[in-house]
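Only one structure is covered here, and it is reproduced in the block below.
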Amino acid sequence: MYKQPSLSVYVLIRIVVIVVFVTTFYALVIAFVPLTYQSSTFHIALFFSSQILLIISVYLGAKQVGKELENVEKYLSGSSDFKNLDSSARFFTREFDSINIKLIKTLQKIKKREKEKRKYTAKIKLKNRQRSDMLSAIAHEFRNPIAAIMGYAQTLTDDEDIPPKLRNKFLNKIYNNGDKIEELLSRLLLWNRFESGKQKLHLSKFDIKPLAIEIAINLEERYSREIHLEGEPFIVRADKALVEIVLKNLIENALKYSNETVYVNISPNRVSVIDKGVGISAENIEKVTKKFFRTDEHTWDNSMGLGLAIVKQILKLHNTVLEIESQENVGSTFSFRI
Ligand SMILES: Nc1ncnc2c1ncn2[C@@H]1O[C@H](COP(=O)(O)OP(=O)(O)OP(=O)(O)O)[C@@H](O)[C@H]1O
Ligand SMILES: [Mg+2]
């Protein structure tokens, strides 16, 4: 295999070759030209022509080195577009070849870093956009209960003769809207704990059935709807407060997005929440667990699209996943193993 010479060997070989060539040329001319022609002018001319040969050879050698340097310079000046990189280019001497390889490696590293930087900048831009979308969604959801509180409070202040029954009704509305704001805030704070990775598991053993019954009773009262719960007692080792959030979110969604009875089935290893409501289209099933996602067709006031995103995170912490089966206008089943 061809092995490039080092620069010093290359220069040495070149000088030796030139010296041998010029000496041989000189000797041959002296040997073959008859003595009668060998005047002092002849010798001077011969000496100068050999000197010219020497100069030409040195010039050609220097040109070769210049070409190598030119290639290196080309890389350096074209390093911004990186397209001129030619890792297969071979250099005549070993030093330049190794400079070429090292340069290419350095340029490739810079190129990789630039790519990472571009990716990072795009990610930050996306995050900023998401943050601003999120802020306007949050502001929008807070606006309704705040406006209601202000409206009822204003009426109560303006009209002192309001009948006690109506006054109580308005005060109740103020309380309920305050409650809504409180719920929105705690959902946001919970989401923030997941986003920043601060949420930890506090595992304990408990029966999931009585917990589901308690949640169902509360929601039945709040939504004036029927929830049919069936299943065996089922002891799990999990974070009770977080499992409660999961069940509450799933049952509440089933109530919000359907009009008929909601079913909760607790079987060993699996909990399912079933409704016969509006269902979710095939293209949206993947998206409903994304934060701040709500389908355009079916939204509720004071819903931020965070419920299922939180459920997904909680189940992930428990090493399990949310399974969704749904058909538009037929209904949905949200279930998980635990
Ligand atoms: N049982 C269901 N039936 C039909 N659609 C559903 C059901 N559950 C969720 N969805 C759809 O998925 C979207 C996201 O649900 P998610 O629980 O994350 O948010 P949300 O209920 O709108 O708001 P939040 O839970 O923050 O109050 C909902 O807006 C709704 O369009
Ligand atoms: Mg929800």
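By convention in this document, the chains of the structure tokens carry letters A, B, ... by their order, each chain's residues are numbered from 1, and ligands are numbered from 1 in the order they are shown.
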Please extract the residues of segment 188-220 of chain A with a backbone DSSP assignment of strand (DSSP E) and present them as a PyMOL selection string. chain A and resi 203-207
Just to be explicit: take each residue in the selection above, keep N, CA and C atoms, and write the result as a tab-separated table (two decimals), in the first residue's frame.
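New file again.tsv:
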```
chain	number	residue	atom	x	y	z
A	203	LEU	N	-46.15	5.65	48.41
A	203	LEU	CA	-46.89	4.39	48.24
A	203	LEU	C	-47.48	3.89	49.55
A	204	SER	N	-48.67	3.31	49.41
A	204	SER	CA	-49.28	2.64	50.57
A	204	SER	C	-50.25	1.59	50.02
A	205	LYS	N	-50.67	0.66	50.90
A	205	LYS	CA	-51.62	-0.36	50.45
A	205	LYS	C	-53.02	0.09	50.80
A	206	PHE	N	-53.91	0.07	49.86
A	206	PHE	CA	-55.30	0.45	50.16
A	206	PHE	C	-56.24	-0.23	49.19
A	207	ASP	N	-57.53	-0.23	49.57
A	207	ASP	CA	-58.55	-0.83	48.71
A	207	ASP	C	-59.08	0.25	47.78
```
Could you give me the residues within 8 Å of ligand 1, counting only C-alpha atoms and all ligand atoms, as a PyMOL selection string?
chain A and resi 184+187+249-258+274-275+277-280+284-285+287-300+302-310+326+331-334
Keeping C-alpha atoms, export the residues of the selection given above as a short mmCIF file (atom, residue, chain, number, x, y, z; two decimals), in the first residue's frame.
```
data_model
loop_
_atom_site.label_atom_id
_atom_site.label_comp_id
_atom_site.auth_asym_id
_atom_site.auth_seq_id
_atom_site.Cartn_x
_atom_site.Cartn_y
_atom_site.Cartn_z
CA LEU A 184 -58.27 25.46 38.29
CA ARG A 187 -54.83 21.62 38.74
CA ASN A 249 -60.55 12.99 36.34
CA LEU A 250 -61.72 9.94 34.40
CA ILE A 251 -65.17 9.81 36.02
CA GLU A 252 -65.60 13.57 35.70
CA ASN A 253 -64.70 13.44 32.00
CA ALA A 254 -67.21 10.62 31.50
CA LEU A 255 -69.88 12.81 33.15
CA LYS A 256 -68.91 15.89 31.16
CA TYR A 257 -68.83 14.21 27.78
CA SER A 258 -71.95 12.01 28.06
CA ILE A 274 -67.15 3.64 30.67
CA ASP A 275 -69.53 6.18 29.16
CA GLY A 277 -71.26 9.77 25.29
CA VAL A 278 -69.88 11.81 22.43
CA GLY A 279 -66.77 9.63 22.04
CA ILE A 280 -63.48 10.67 20.49
CA ASN A 284 -57.95 12.69 18.36
CA ILE A 285 -57.45 9.60 20.53
CA LYS A 287 -53.98 13.75 21.21
CA VAL A 288 -56.35 13.83 24.18
CA THR A 289 -53.60 13.07 26.68
CA LYS A 290 -51.50 16.00 25.45
CA LYS A 291 -51.47 19.02 27.75
CA PHE A 292 -53.98 21.76 26.97
CA PHE A 293 -55.63 19.65 24.26
CA ARG A 294 -59.39 19.90 23.94
CA THR A 295 -61.39 18.80 20.93
CA ASP A 296 -62.99 21.68 19.07
CA GLU A 297 -66.43 20.08 19.10
CA HIS A 298 -66.86 19.23 22.79
CA THR A 299 -65.46 21.61 25.36
CA TRP A 300 -66.60 22.66 28.80
CA ASN A 302 -63.38 25.93 33.08
CA SER A 303 -61.74 22.97 31.37
CA MET A 304 -58.12 23.51 30.57
CA GLY A 305 -57.37 20.23 28.81
CA LEU A 306 -55.00 19.20 31.59
CA GLY A 307 -56.97 16.35 33.20
CA LEU A 308 -55.86 13.49 30.96
CA ALA A 309 -52.31 14.84 30.70
CA ILE A 310 -52.10 14.66 34.50
CA SER A 326 -63.57 5.22 21.90
CA GLY A 331 -68.90 6.20 23.83
CA SER A 332 -65.54 5.75 25.47
CA THR A 333 -63.75 3.39 27.83
CA PHE A 334 -60.76 4.70 29.75
#
```
Taking only segment 9-121 of chain A into account, list the residues labelled alpha helix (DSSP H) by DSSP (computed from the backbone), as a ChimeraX atom specification. /A:9-32,40-77,94-121
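Closest approach to ligand 2 among A:Asn192, A:Val246, A:Ile235, A:Tyr263 is made by A:Val246 (distances from only C-alpha atoms and all ligand atoms).
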Exercise. Within 10 Å of Phe21 of chain A, counting only C-alpha atoms, which residues show up once you throw out same-chain ones fewer than 4 positions away? Write them as a count of residues only, please.
Key: 9
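Across the structure, atom CA of Leu219 of chain A and atom CA of Leu166 of chain A are spaced 25.8 Å apart.
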